[in-house]
file coords00.csv (CSV, C-alpha atoms (C1' of nucleotides) and all ligand atoms)
chain,number,residue,atom,x,y,z
A,1,MET,CA,8.8,15.7,27.8
A,2,ASN,CA,10.7,12.7,29.2
A,3,ILE,CA,10.6,10.0,26.6
A,4,ALA,CA,11.7,7.1,28.7
A,5,GLN,CA,9.0,8.0,31.2
A,6,HIS,CA,6.4,8.3,28.4
A,7,LEU,CA,7.3,4.9,27.1
A,8,SER,CA,7.2,3.3,30.6
A,9,THR,CA,3.8,4.9,31.3
A,10,HIS,CA,2.5,3.1,28.2
A,11,ASP,CA,4.0,-0.3,29.3
A,12,ILE,CA,7.0,-0.1,26.9
A,13,LYS,CA,10.4,-0.8,28.3
A,14,PRO,CA,12.6,2.2,27.3
A,15,SER,CA,15.5,0.5,25.5
A,16,TYR,CA,18.0,2.7,23.7
A,17,GLN,CA,16.5,2.0,20.2
A,18,ARG,CA,13.0,2.6,21.4
A,19,ILE,CA,13.9,5.9,22.9
A,20,LYS,CA,15.7,7.0,19.8
A,21,ILE,CA,12.9,6.0,17.5
A,22,TYR,CA,10.3,7.6,19.5
A,23,GLU,CA,12.4,10.7,20.0
A,24,TYR,CA,12.8,11.0,16.2
A,25,LEU,CA,9.0,10.7,15.6
A,26,TYR,CA,8.1,13.1,18.4
A,27,GLU,CA,10.7,15.8,17.7
A,28,LYS,CA,10.5,15.8,13.9
A,29,MET,CA,6.8,15.3,13.6
A,30,ASN,CA,7.5,14.8,9.9
A,31,HIS,CA,5.4,11.6,9.2
A,32,PRO,CA,8.4,9.5,8.2
A,33,THR,CA,8.4,6.1,6.5
A,34,VAL,CA,10.3,3.2,8.0
A,35,ASP,CA,13.1,3.8,5.6
A,36,VAL,CA,13.4,7.5,6.5
A,37,ILE,CA,13.5,6.6,10.2
A,38,TYR,CA,16.1,4.0,9.6
A,39,LYS,CA,18.3,6.2,7.4
A,40,ASN,CA,18.2,9.0,9.9
A,41,LEU,CA,19.1,6.9,12.9
A,42,VAL,CA,21.6,4.4,11.5
A,43,GLY,CA,24.4,7.0,11.7
A,44,GLU,CA,24.0,7.4,15.4
A,45,ILE,CA,23.1,3.7,16.0
A,46,PRO,CA,25.4,1.9,13.5
A,47,THR,CA,24.1,-1.6,14.5
A,48,LEU,CA,20.5,-0.6,14.0
A,49,SER,CA,18.4,-3.0,12.0
A,50,LYS,CA,15.4,-2.2,9.9
A,51,SER,CA,13.6,-5.1,11.7
A,52,THR,CA,14.0,-3.2,14.9
A,53,VAL,CA,12.3,-0.2,13.4
A,54,TYR,CA,9.4,-2.3,12.2
A,55,ASN,CA,9.1,-4.1,15.5
A,56,THR,CA,9.3,-1.0,17.5
A,57,LEU,CA,6.7,0.9,15.5
A,58,LYS,CA,4.4,-2.1,15.7
A,59,LEU,CA,4.8,-2.0,19.5
A,60,PHE,CA,4.2,1.7,19.6
A,61,ILE,CA,1.0,1.3,17.6
A,62,ASP,CA,-0.1,-1.6,19.8
A,63,LYS,CA,0.4,0.5,22.9
A,64,GLY,CA,-1.3,3.5,21.4
A,65,ILE,CA,1.5,6.0,21.2
A,66,THR,CA,1.9,6.1,17.5
A,67,SER,CA,-0.5,6.2,14.5
A,68,THR,CA,-0.1,5.4,10.8
A,69,LEU,CA,-1.2,7.2,7.7
A,70,THR,CA,-1.3,5.8,4.1
A,71,ILE,CA,-1.8,8.9,2.0
A,72,GLU,CA,0.1,7.3,-0.8
A,73,ASP,CA,-0.8,3.9,-2.1
A,74,ASN,CA,2.7,2.5,-1.5
A,75,GLU,CA,4.1,4.0,1.6
A,76,VAL,CA,3.0,3.8,5.2
A,77,ARG,CA,4.0,6.7,7.4
A,78,TYR,CA,4.2,7.0,11.1
A,79,ASP,CA,3.0,9.8,13.5
A,80,ALA,CA,3.6,10.4,17.2
A,81,ALA,CA,0.4,12.4,17.2
A,82,VAL,CA,-2.5,10.0,17.9
A,83,GLU,CA,-5.4,12.3,18.3
A,84,SER,CA,-7.7,12.3,15.3
A,85,HIS,CA,-6.4,14.7,12.7
A,86,GLY,CA,-6.1,14.9,8.9
A,87,HIS,CA,-3.1,15.3,6.6
A,88,PHE,CA,-2.3,17.3,3.5
A,89,LYS,CA,0.4,16.2,1.2
A,90,CYS,CA,1.9,18.6,-1.3
A,91,THR,CA,2.4,16.7,-4.6
A,92,SER,CA,5.1,19.1,-5.5
A,93,CYS,CA,7.5,19.3,-2.6
A,94,GLY,CA,6.3,16.2,-0.7
A,95,ALA,CA,5.7,18.0,2.6
A,96,ILE,CA,3.0,16.7,4.8
A,97,PHE,CA,1.0,19.1,7.0
A,98,ASP,CA,-1.4,18.2,9.8
A,99,ILE,CA,-4.9,19.5,9.3
A,100,LYS,CA,-7.7,19.8,11.8
A,101,TYR,CA,-11.1,18.8,10.8
A,102,ASP,CA,-14.6,18.6,12.3
A,103,PHE,CA,-16.2,15.4,11.7
A,104,LYS,CA,-19.6,16.4,13.1
A,105,ASP,CA,-21.4,17.2,9.9
A,106,VAL,CA,-19.1,15.0,7.7
A,107,ALA,CA,-20.9,11.9,6.5
A,108,MET,CA,-22.7,11.5,9.8
A,109,ASN,CA,-26.1,11.2,8.2
A,110,LYS,CA,-25.2,8.1,6.3
A,111,LEU,CA,-23.5,6.5,9.2
A,112,LYS,CA,-26.4,6.5,11.6
A,113,GLY,CA,-26.3,3.4,13.7
A,114,PHE,CA,-22.7,2.6,12.8
A,115,GLU,CA,-19.9,2.5,15.4
A,116,ILE,CA,-17.0,4.6,14.3
A,117,LYS,CA,-13.6,3.6,15.5
A,118,GLU,CA,-11.2,5.6,13.4
A,119,THR,CA,-11.3,8.2,10.7
A,120,GLN,CA,-8.7,9.3,8.2
A,121,VAL,CA,-8.8,12.5,6.1
A,122,HIS,CA,-6.2,12.8,3.3
A,123,VAL,CA,-5.8,15.8,1.0
A,124,LYS,CA,-3.4,16.2,-1.8
A,125,GLY,CA,-2.5,19.2,-3.8
A,126,LYS,CA,0.0,22.0,-3.8
A,127,CYS,CA,1.1,23.9,-0.8
A,128,ASN,CA,1.2,27.7,-0.4
A,129,GLN,CA,4.9,27.9,-0.9
A,130,CYS,CA,5.0,25.7,-4.0
A,131,LEU,CA,2.3,27.8,-5.6
A,132,THR,CA,4.1,31.0,-4.9
A,133,ASN,CA,7.4,29.6,-6.3
A,134,LYS,CA,5.5,28.1,-9.2
A,135,ASN,CA,7.0,24.6,-8.6
B,1,MET,CA,-25.0,2.3,-19.9
B,2,ASN,CA,-23.0,1.1,-22.9
B,3,ILE,CA,-19.6,0.2,-21.6
B,4,ALA,CA,-17.8,0.0,-25.0
B,5,GLN,CA,-19.2,3.5,-25.7
B,6,HIS,CA,-18.1,4.8,-22.4
B,7,LEU,CA,-14.5,3.5,-22.8
B,8,SER,CA,-14.3,4.9,-26.4
B,9,THR,CA,-15.5,8.3,-25.1
B,10,HIS,CA,-12.6,8.3,-22.8
B,11,ASP,CA,-10.1,7.4,-25.4
B,12,ILE,CA,-9.8,3.7,-24.4
B,13,LYS,CA,-10.1,1.1,-27.1
B,14,PRO,CA,-12.9,-1.3,-25.9
B,15,SER,CA,-11.1,-4.7,-26.0
B,16,TYR,CA,-12.9,-7.7,-24.6
B,17,GLN,CA,-10.8,-7.7,-21.4
B,18,ARG,CA,-11.2,-4.0,-20.8
B,19,ILE,CA,-15.0,-4.2,-21.2
B,20,LYS,CA,-15.2,-7.1,-18.8
B,21,ILE,CA,-13.0,-5.4,-16.2
B,22,TYR,CA,-14.9,-2.2,-16.4
B,23,GLU,CA,-18.2,-4.0,-16.4
B,24,TYR,CA,-17.2,-5.8,-13.2
B,25,LEU,CA,-16.2,-2.6,-11.5
B,26,TYR,CA,-19.3,-0.7,-12.6
B,27,GLU,CA,-21.9,-3.3,-11.9
B,28,LYS,CA,-20.6,-4.6,-8.6
B,29,MET,CA,-19.5,-1.3,-7.1
B,30,ASN,CA,-17.8,-3.4,-4.5
B,31,HIS,CA,-14.4,-1.7,-4.3
B,32,PRO,CA,-12.5,-4.8,-5.3
B,33,THR,CA,-8.7,-5.4,-5.1
B,34,VAL,CA,-6.8,-6.6,-8.2
B,35,ASP,CA,-7.0,-10.1,-6.9
B,36,VAL,CA,-10.7,-10.0,-6.4
B,37,ILE,CA,-11.2,-8.7,-9.9
B,38,TYR,CA,-8.9,-11.4,-11.3
B,39,LYS,CA,-10.5,-14.3,-9.5
B,40,ASN,CA,-14.0,-13.2,-10.5
B,41,LEU,CA,-13.2,-12.9,-14.2
B,42,VAL,CA,-10.7,-15.7,-14.8
B,43,GLY,CA,-13.6,-18.2,-15.0
B,44,GLU,CA,-15.2,-16.4,-17.9
B,45,ILE,CA,-11.8,-15.4,-19.4
B,46,PRO,CA,-9.6,-18.4,-18.8
B,47,THR,CA,-6.6,-16.8,-20.5
B,48,LEU,CA,-6.8,-13.7,-18.4
B,49,SER,CA,-3.5,-12.5,-16.8
B,50,LYS,CA,-3.2,-10.5,-13.7
B,51,SER,CA,-0.8,-8.3,-15.6
B,52,THR,CA,-3.8,-7.3,-17.8
B,53,VAL,CA,-5.8,-6.4,-14.8
B,54,TYR,CA,-3.0,-4.2,-13.5
B,55,ASN,CA,-2.4,-2.6,-16.9
B,56,THR,CA,-6.1,-2.0,-17.5
B,57,LEU,CA,-6.7,-0.4,-14.2
B,58,LYS,CA,-3.8,1.8,-14.6
B,59,LEU,CA,-5.1,2.9,-18.0
B,60,PHE,CA,-8.6,3.5,-16.5
B,61,ILE,CA,-7.1,5.7,-13.8
B,62,ASP,CA,-5.0,7.5,-16.3
B,63,LYS,CA,-8.1,8.2,-18.4
B,64,GLY,CA,-10.1,9.3,-15.4
B,65,ILE,CA,-12.8,6.6,-15.3
B,66,THR,CA,-11.6,4.8,-12.2
B,67,SER,CA,-10.3,5.8,-8.8
B,68,THR,CA,-8.4,4.1,-6.0
B,69,LEU,CA,-8.8,3.9,-2.3
B,70,THR,CA,-6.3,2.6,0.2
B,71,ILE,CA,-8.4,2.3,3.4
B,72,GLU,CA,-6.2,-0.6,4.6
B,73,ASP,CA,-2.4,-0.2,4.6
B,74,ASN,CA,-1.8,-3.2,2.5
B,75,GLU,CA,-4.5,-3.3,-0.2
B,76,VAL,CA,-5.4,-1.0,-3.0
B,77,ARG,CA,-9.0,-1.0,-4.0
B,78,TYR,CA,-10.6,0.2,-7.2
B,79,ASP,CA,-13.8,2.1,-7.8
B,80,ALA,CA,-15.7,3.0,-11.0
B,81,ALA,CA,-17.1,6.0,-9.1
B,82,VAL,CA,-14.7,8.9,-9.6
B,83,GLU,CA,-16.6,11.8,-8.0
B,84,SER,CA,-15.3,12.8,-4.6
B,85,HIS,CA,-16.8,10.6,-1.9
B,86,GLY,CA,-15.7,8.8,1.2
B,87,HIS,CA,-15.6,5.2,2.4
B,88,PHE,CA,-16.6,3.3,5.5
B,89,LYS,CA,-15.1,-0.1,6.1
B,90,CYS,CA,-16.7,-2.5,8.6
B,91,THR,CA,-13.9,-4.2,10.5
B,92,SER,CA,-16.2,-7.0,11.3
B,93,CYS,CA,-17.7,-8.1,7.9
B,94,GLY,CA,-15.3,-6.3,5.7
B,95,ALA,CA,-18.0,-4.5,3.7
B,96,ILE,CA,-17.2,-1.1,2.3
B,97,PHE,CA,-19.9,1.6,2.0
B,98,ASP,CA,-19.8,4.8,0.1
B,99,ILE,CA,-20.3,7.9,2.2
B,100,LYS,CA,-21.0,11.4,1.1
B,101,TYR,CA,-19.3,14.2,2.9
B,102,ASP,CA,-19.2,18.0,2.7
B,103,PHE,CA,-15.7,19.3,2.5
B,104,LYS,CA,-16.7,22.9,2.9
B,105,ASP,CA,-16.1,23.2,6.7
B,106,VAL,CA,-13.6,20.4,6.9
B,107,ALA,CA,-10.1,21.7,7.3
B,108,MET,CA,-10.6,24.6,5.1
B,109,ASN,CA,-9.3,27.2,7.5
B,110,LYS,CA,-5.9,25.6,7.6
B,111,LEU,CA,-5.6,25.1,3.9
B,112,LYS,CA,-6.0,28.7,2.9
B,113,GLY,CA,-4.0,29.4,-0.2
B,114,PHE,CA,-3.4,25.7,-0.9
B,115,GLU,CA,-4.6,24.1,-4.1
B,116,ILE,CA,-6.6,21.0,-3.4
B,117,LYS,CA,-6.5,18.3,-6.1
B,118,GLU,CA,-7.9,15.3,-4.3
B,119,THR,CA,-9.4,14.3,-1.0
B,120,GLN,CA,-10.0,11.0,0.7
B,121,VAL,CA,-12.1,10.2,3.7
B,122,HIS,CA,-11.8,6.8,5.3
B,123,VAL,CA,-13.8,5.6,8.2
B,124,LYS,CA,-13.5,2.3,10.0
B,125,GLY,CA,-15.8,0.7,12.5
B,126,LYS,CA,-18.7,-1.6,12.7
B,127,CYS,CA,-21.7,-1.5,10.4
B,128,ASN,CA,-25.3,-1.4,11.5
B,129,GLN,CA,-25.9,-5.0,10.6
B,130,CYS,CA,-22.8,-6.4,12.4
B,131,LEU,CA,-23.8,-4.4,15.5
B,132,THR,CA,-27.3,-5.9,15.5
B,133,ASN,CA,-25.9,-9.4,15.0
B,134,LYS,CA,-23.3,-8.8,17.6
B,135,ASN,CA,-20.5,-9.9,15.2
C,1,DT,C1',-8.1,-11.7,-48.8
C,2,DT,C1',-3.3,-11.3,-47.5
C,3,DC,C1',0.5,-8.9,-45.6
C,4,DT,C1',2.3,-5.8,-42.4
C,5,DA,C1',2.5,-2.7,-38.5
C,6,DA,C1',0.6,-1.3,-34.2
C,7,DA,C1',-1.8,-2.3,-30.1
C,8,DT,C1',-3.0,-5.5,-26.6
C,9,DT,C1',-2.4,-9.4,-23.8
C,10,DT,C1',0.2,-12.7,-21.5
C,11,DG,C1',3.8,-15.0,-18.6
C,12,DT,C1',7.8,-14.6,-16.2
C,13,DA,C1',11.4,-12.3,-13.8
C,14,DA,C1',12.7,-8.3,-11.0
C,15,DT,C1',11.8,-5.2,-7.4
C,16,DC,C1',10.4,-3.5,-3.0
C,17,DA,C1',8.0,-3.3,1.4
C,18,DT,C1',6.9,-6.1,5.0
C,19,DT,C1',6.8,-10.3,7.9
C,20,DA,C1',8.7,-14.5,9.9
C,21,DC,C1',12.0,-16.6,12.4
C,22,DA,C1',16.0,-18.1,14.7
C,23,DA,C1',20.5,-16.7,16.5
C,24,DA,C1',23.0,-13.2,19.0
C,25,DA,C1',23.2,-9.7,22.4
C,26,DA,C1',21.6,-7.2,26.3
C,27,DT,C1',19.1,-7.0,30.5
C,28,DA,C1',17.0,-8.7,34.7
C,29,DA,C1',16.4,-12.1,38.2
C,30,DA,C1',18.1,-15.7,41.1
D,1,DT,C1',28.0,-15.6,38.6
D,2,DT,C1',24.4,-18.3,36.4
D,3,DT,C1',20.2,-18.6,34.3
D,4,DA,C1',16.1,-16.9,32.3
D,5,DT,C1',13.8,-13.3,29.8
D,6,DT,C1',13.6,-9.6,26.7
D,7,DT,C1',15.3,-7.1,22.9
D,8,DT,C1',17.8,-6.7,18.8
D,9,DT,C1',19.7,-8.3,14.7
D,10,DG,C1',20.3,-10.5,10.1
D,11,DT,C1',18.5,-13.3,6.8
D,12,DA,C1',15.0,-15.8,4.5
D,13,DA,C1',10.2,-15.9,3.0
D,14,DT,C1',6.1,-13.7,1.4
D,15,DG,C1',3.1,-10.9,-1.4
D,16,DA,C1',1.9,-7.0,-4.2
D,17,DT,C1',3.4,-4.5,-7.9
D,18,DT,C1',6.2,-3.4,-11.9
D,19,DA,C1',9.3,-4.3,-15.9
D,20,DC,C1',9.8,-6.4,-19.9
D,21,DA,C1',9.9,-9.3,-23.9
D,22,DA,C1',7.3,-12.8,-26.5
D,23,DA,C1',2.8,-14.1,-28.3
D,24,DT,C1',-1.6,-12.9,-29.8
D,25,DT,C1',-5.0,-9.9,-31.6
D,26,DT,C1',-6.6,-6.0,-34.2
D,27,DA,C1',-6.6,-2.7,-37.9
D,28,DG,C1',-5.0,-0.8,-42.2
D,29,DA,C1',-2.8,-1.1,-46.6
D,30,DA,C1',-2.2,-3.5,-50.7
E,201,MN,MN,0.0,14.1,11.7
E,202,MN,MN,-16.8,4.2,-3.6
E,203,ZN,ZN,4.9,22.1,-1.6
E,204,ZN,ZN,-20.3,-5.3,9.1
call {"tool": "encode", "arguments": {"input": "coords00.csv", "output": "structure tokens"}}
result
Amino acid sequence: MNIAQHLSTHDIKPSYQRIKIYEYLYEKMNHPTVDVIYKNLVGEIPTLSKSTVYNTLKLFIDKGITSTLTIEDNEVRYDAAVESHGHFKCTSCGAIFDIKYDFKDVAMNKLKGFEIKETQVHVKGKCNQCLTNKN
Amino acid sequence: MNIAQHLSTHDIKPSYQRIKIYEYLYEKMNHPTVDVIYKNLVGEIPTLSKSTVYNTLKLFIDKGITSTLTIEDNEVRYDAAVESHGHFKCTSCGAIFDIKYDFKDVAMNKLKGFEIKETQVHVKGKCNQCLTNKN
DNA sequence: TTCTAAATTTGTAATCATTACAAAAATAAA
DNA sequence: TTTATTTTTGTAATGATTACAAATTTAGAA
């Protein structure tokens, strides 16, 4: 995918920093925090400011090409995937996995007559690999 | 329910502050933030410190009689209900409703072999009443 | 009851993530 | 090339939470 194109399509001027930040999100798909993004890019962009990371992510969210998840009370994570999907976080190794879910029979009875804009499903536990390795 | 008794049963010495804080959580069931709890109790307990609210909630969580939800990126809310249930927040009036959900067919296929410790379901939108009143 | 030790509460300072904001740099338009 | 606009940057301000030590309260021993 052409990232500059993608940004332009969504009304975002494709500056160098914006391209690099989106590229990181999109290629890693690792649900990073602001700090993780910053630390991973500052090597390649020595002048990068954390403000720019914050500004850029806010813009991406505003234009609908990035979503957030707060699976842990104290850290906001970012995701280039914007379709509705859930997340599993392994409390042992910290890895975050995307999970699909059907919202059809979930809670729908109670929400009759409500207008649903957004749903988040967060699951915590231990992943397959950590269980095998007894971490 | 006898709150002092309930705290004792869970290995928590029922001090005046602890009883009042739990009483607030349990009777209101309004998913308050620390600040909301503090502001609502400081009238009755003029010497109350926000530190005590933080300490007490941490203890409650540790002992398993309180849970947290972070439906909004920047505010942690507390809940005397500890059984697994989801939450709906109305973006118009701010009210938070408990919702039941079945986790059986949600995401289970993907999580085969994983050990699930905790799940959170957050839904945002407009509540029935706000839709009727066109808020 | 009085004394002493332990637990709890309190107030303040430190920390950390995020936001605000204005100056500097880069880009686009004239 | 000027000038205006946009973007980036650095720093200060804010706000929630945590750390920590002093003050207060509670409980137990004498
Ligand atoms: Mn994801
Ligand atoms: Mn609840
Ligand atoms: Zn793991
Ligand atoms: Zn409402």
call {"tool": "residues_near_ligand", "arguments": {"input": "coords00.csv", "ligand": "ligand ZN 203 (chain E)", "cutoff": "12 Å", "atoms": "only C-alpha atoms (C1' of nucleotides) and all ligand atoms", "output": "VMD selection string"}}
result
(chain A and resid 88 to 97 124 to 135) or (chain B and resid 113 to 116)
call {"tool": "write_last_selection", "arguments": {"input": "coords00.csv", "atoms": "C-alpha atoms", "output": "PDB file, in the frame of the given file"}}
result
ATOM      1  CA  PHE A  88      -2.300  17.300   3.500  1.00  0.00           C
ATOM      2  CA  LYS A  89       0.400  16.200   1.200  1.00  0.00           C
ATOM      3  CA  CYS A  90       1.900  18.600  -1.300  1.00  0.00           C
ATOM      4  CA  THR A  91       2.400  16.700  -4.600  1.00  0.00           C
ATOM      5  CA  SER A  92       5.100  19.100  -5.500  1.00  0.00           C
ATOM      6  CA  CYS A  93       7.500  19.300  -2.600  1.00  0.00           C
ATOM      7  CA  GLY A  94       6.300  16.200  -0.700  1.00  0.00           C
ATOM      8  CA  ALA A  95       5.700  18.000   2.600  1.00  0.00           C
ATOM      9  CA  ILE A  96       3.000  16.700   4.800  1.00  0.00           C
ATOM     10  CA  PHE A  97       1.000  19.100   7.000  1.00  0.00           C
ATOM     11  CA  LYS A 124      -3.400  16.200  -1.800  1.00  0.00           C
ATOM     12  CA  GLY A 125      -2.500  19.200  -3.800  1.00  0.00           C
ATOM     13  CA  LYS A 126       0.000  22.000  -3.800  1.00  0.00           C
ATOM     14  CA  CYS A 127       1.100  23.900  -0.800  1.00  0.00           C
ATOM     15  CA  ASN A 128       1.200  27.700  -0.400  1.00  0.00           C
ATOM     16  CA  GLN A 129       4.900  27.900  -0.900  1.00  0.00           C
ATOM     17  CA  CYS A 130       5.000  25.700  -4.000  1.00  0.00           C
ATOM     18  CA  LEU A 131       2.300  27.800  -5.600  1.00  0.00           C
ATOM     19  CA  THR A 132       4.100  31.000  -4.900  1.00  0.00           C
ATOM     20  CA  ASN A 133       7.400  29.600  -6.300  1.00  0.00           C
ATOM     21  CA  LYS A 134       5.500  28.100  -9.200  1.00  0.00           C
ATOM     22  CA  ASN A 135       7.000  24.600  -8.600  1.00  0.00           C
TER      23      ASN A 135
ATOM     24  CA  GLY B 113      -4.000  29.400  -0.200  1.00  0.00           C
ATOM     25  CA  PHE B 114      -3.400  25.700  -0.900  1.00  0.00           C
ATOM     26  CA  GLU B 115      -4.600  24.100  -4.100  1.00  0.00           C
ATOM     27  CA  ILE B 116      -6.600  21.000  -3.400  1.00  0.00           C
TER      28      ILE B 116
END
call {"tool": "interface_residues", "arguments": {"input": "coords00.csv", "of": "chain C", "to": "chain A", "cutoff": "12 Å", "atoms": "only C-alpha atoms (C1' of nucleotides)", "output": "PyMOL selection string"}}
result
chain C and resi 16-21+25-27
call {"tool": "residues_near_ligand", "arguments": {"input": "coords00.csv", "ligand": "ligand MN 201 (chain E)", "cutoff": "9 Å", "atoms": "only C-alpha atoms (C1' of nucleotides) and all ligand atoms", "output": "ChimeraX atom specification"}}
result
/A:29-31,67-69,78-87,96-99
call {"tool": "write_last_selection", "arguments": {"input": "coords00.csv", "atoms": "C-alpha atoms", "output": "CSV table (one decimal), keeping the file's coordinate frame"}}
result
chain,number,residue,atom,x,y,z
A,29,MET,CA,6.8,15.3,13.6
A,30,ASN,CA,7.5,14.8,9.9
A,31,HIS,CA,5.4,11.6,9.2
A,67,SER,CA,-0.5,6.2,14.5
A,68,THR,CA,-0.1,5.4,10.8
A,69,LEU,CA,-1.2,7.2,7.7
A,78,TYR,CA,4.2,7.0,11.1
A,79,ASP,CA,3.0,9.8,13.5
A,80,ALA,CA,3.6,10.4,17.2
A,81,ALA,CA,0.4,12.4,17.2
A,82,VAL,CA,-2.5,10.0,17.9
A,83,GLU,CA,-5.4,12.3,18.3
A,84,SER,CA,-7.7,12.3,15.3
A,85,HIS,CA,-6.4,14.7,12.7
A,86,GLY,CA,-6.1,14.9,8.9
A,87,HIS,CA,-3.1,15.3,6.6
A,96,ILE,CA,3.0,16.7,4.8
A,97,PHE,CA,1.0,19.1,7.0
A,98,ASP,CA,-1.4,18.2,9.8
A,99,ILE,CA,-4.9,19.5,9.3
call {"tool": "atom_distance", "arguments": {"input": "coords00.csv", "atom1": "C1' of DT25 (chain D)", "atom2": "CA of Lys39 (chain B)"}}
result
23.2 Å
call {"tool": "closest_residue", "arguments": {"input": "coords00.csv", "among": "B:Lys63, B:His10, B:Lys50, B:Lys28", "to": "chain D", "atoms": "all atoms listed in the file"}}
result
B:Lys50
call {"tool": "interface_residues", "arguments": {"input": "coords00.csv", "of": "chain D", "to": "chain A", "cutoff": "12 Å", "atoms": "only C-alpha atoms (C1' of nucleotides)", "output": "list in words"}}
result
DT6, DT7, DT8, DT9, DG10, DT11, DA16 and DT17 of chain D
call {"tool": "closest_residue", "arguments": {"input": "coords00.csv", "among": "B:Glu27, B:Glu44, B:Glu72, B:Asp11", "to": "chain A", "atoms": "all atoms listed in the file"}}
result
B:Glu72
call {"tool": "residues_near_point", "arguments": {"input": "coords00.csv", "point": "(12.4, -3.0, -17.6)", "cutoff": "12 Å", "atoms": "only C-alpha atoms (C1' of nucleotides)", "output": "ChimeraX atom specification"}}
result
/C:13-15 /D:18-21
call {"tool": "residues_around", "arguments": {"input": "coords00.csv", "residues": "DT26 (chain D)", "least_positions_apart": "5", "cutoff": "9 Å", "atoms": "only C-alpha atoms (C1' of nucleotides)", "output": "list in words"}}
result
DA6, DA7 and DT8 of chain C
call {"tool": "atom_distance", "arguments": {"input": "coords00.csv", "atom1": "CA of Lys58 (chain A)", "atom2": "CA of Val121 (chain B)"}}
result
23.8 Å
call {"tool": "closest_residue", "arguments": {"input": "coords00.csv", "among": "B:Ser8, B:Asn40, B:Phe60, B:Thr70", "to": "ligand MN 202 (chain E)", "atoms": "only C-alpha atoms and all ligand atoms"}}
result
B:Thr70
call {"tool": "decode", "arguments": {"input": "coords00.csv", "residues": "region 2-28 of chain C", "atoms": "C-alpha atoms (C1' of nucleotides)", "output": "mmCIF file, in the first residue's frame"}}
result
data_model
loop_
_atom_site.group_PDB
_atom_site.id
_atom_site.type_symbol
_atom_site.label_atom_id
_atom_site.label_comp_id
_atom_site.auth_asym_id
_atom_site.auth_seq_id
_atom_site.Cartn_x
_atom_site.Cartn_y
_atom_site.Cartn_z
ATOM 1 C "C1'" DT C 2 -1.742 3.943 80.801
ATOM 2 C "C1'" DC C 3 1.896 2.813 77.796
ATOM 3 C "C1'" DT C 4 3.558 1.054 73.525
ATOM 4 C "C1'" DA C 5 3.419 -0.897 68.989
ATOM 5 C "C1'" DA C 6 1.006 -1.409 64.780
ATOM 6 C "C1'" DA C 7 -2.237 0.139 61.463
ATOM 7 C "C1'" DT C 8 -4.467 3.837 59.193
ATOM 8 C "C1'" DT C 9 -4.975 8.370 57.592
ATOM 9 C "C1'" DT C 10 -3.307 12.583 56.037
ATOM 10 C "C1'" DG C 11 -0.693 16.224 53.443
ATOM 11 C "C1'" DT C 12 2.796 17.184 50.470
ATOM 12 C "C1'" DA C 13 6.193 16.237 47.074
ATOM 13 C "C1'" DA C 14 7.519 13.476 43.076
ATOM 14 C "C1'" DT C 15 6.407 11.261 38.852
ATOM 15 C "C1'" DC C 16 4.448 10.535 34.483
ATOM 16 C "C1'" DA C 17 1.372 11.068 30.522
ATOM 17 C "C1'" DT C 18 -0.820 14.416 28.068
ATOM 18 C "C1'" DT C 19 -2.011 19.103 26.521
ATOM 19 C "C1'" DA C 20 -1.136 23.995 25.590
ATOM 20 C "C1'" DC C 21 1.315 27.168 23.342
ATOM 21 C "C1'" DA C 22 4.565 29.937 21.063
ATOM 22 C "C1'" DA C 23 8.857 29.930 18.334
ATOM 23 C "C1'" DA C 24 11.337 27.717 14.528
ATOM 24 C "C1'" DA C 25 11.403 25.295 10.329
ATOM 25 C "C1'" DA C 26 9.448 23.698 6.171
ATOM 26 C "C1'" DT C 27 6.249 24.093 2.433
ATOM 27 C "C1'" DA C 28 3.222 26.383 -0.793
#
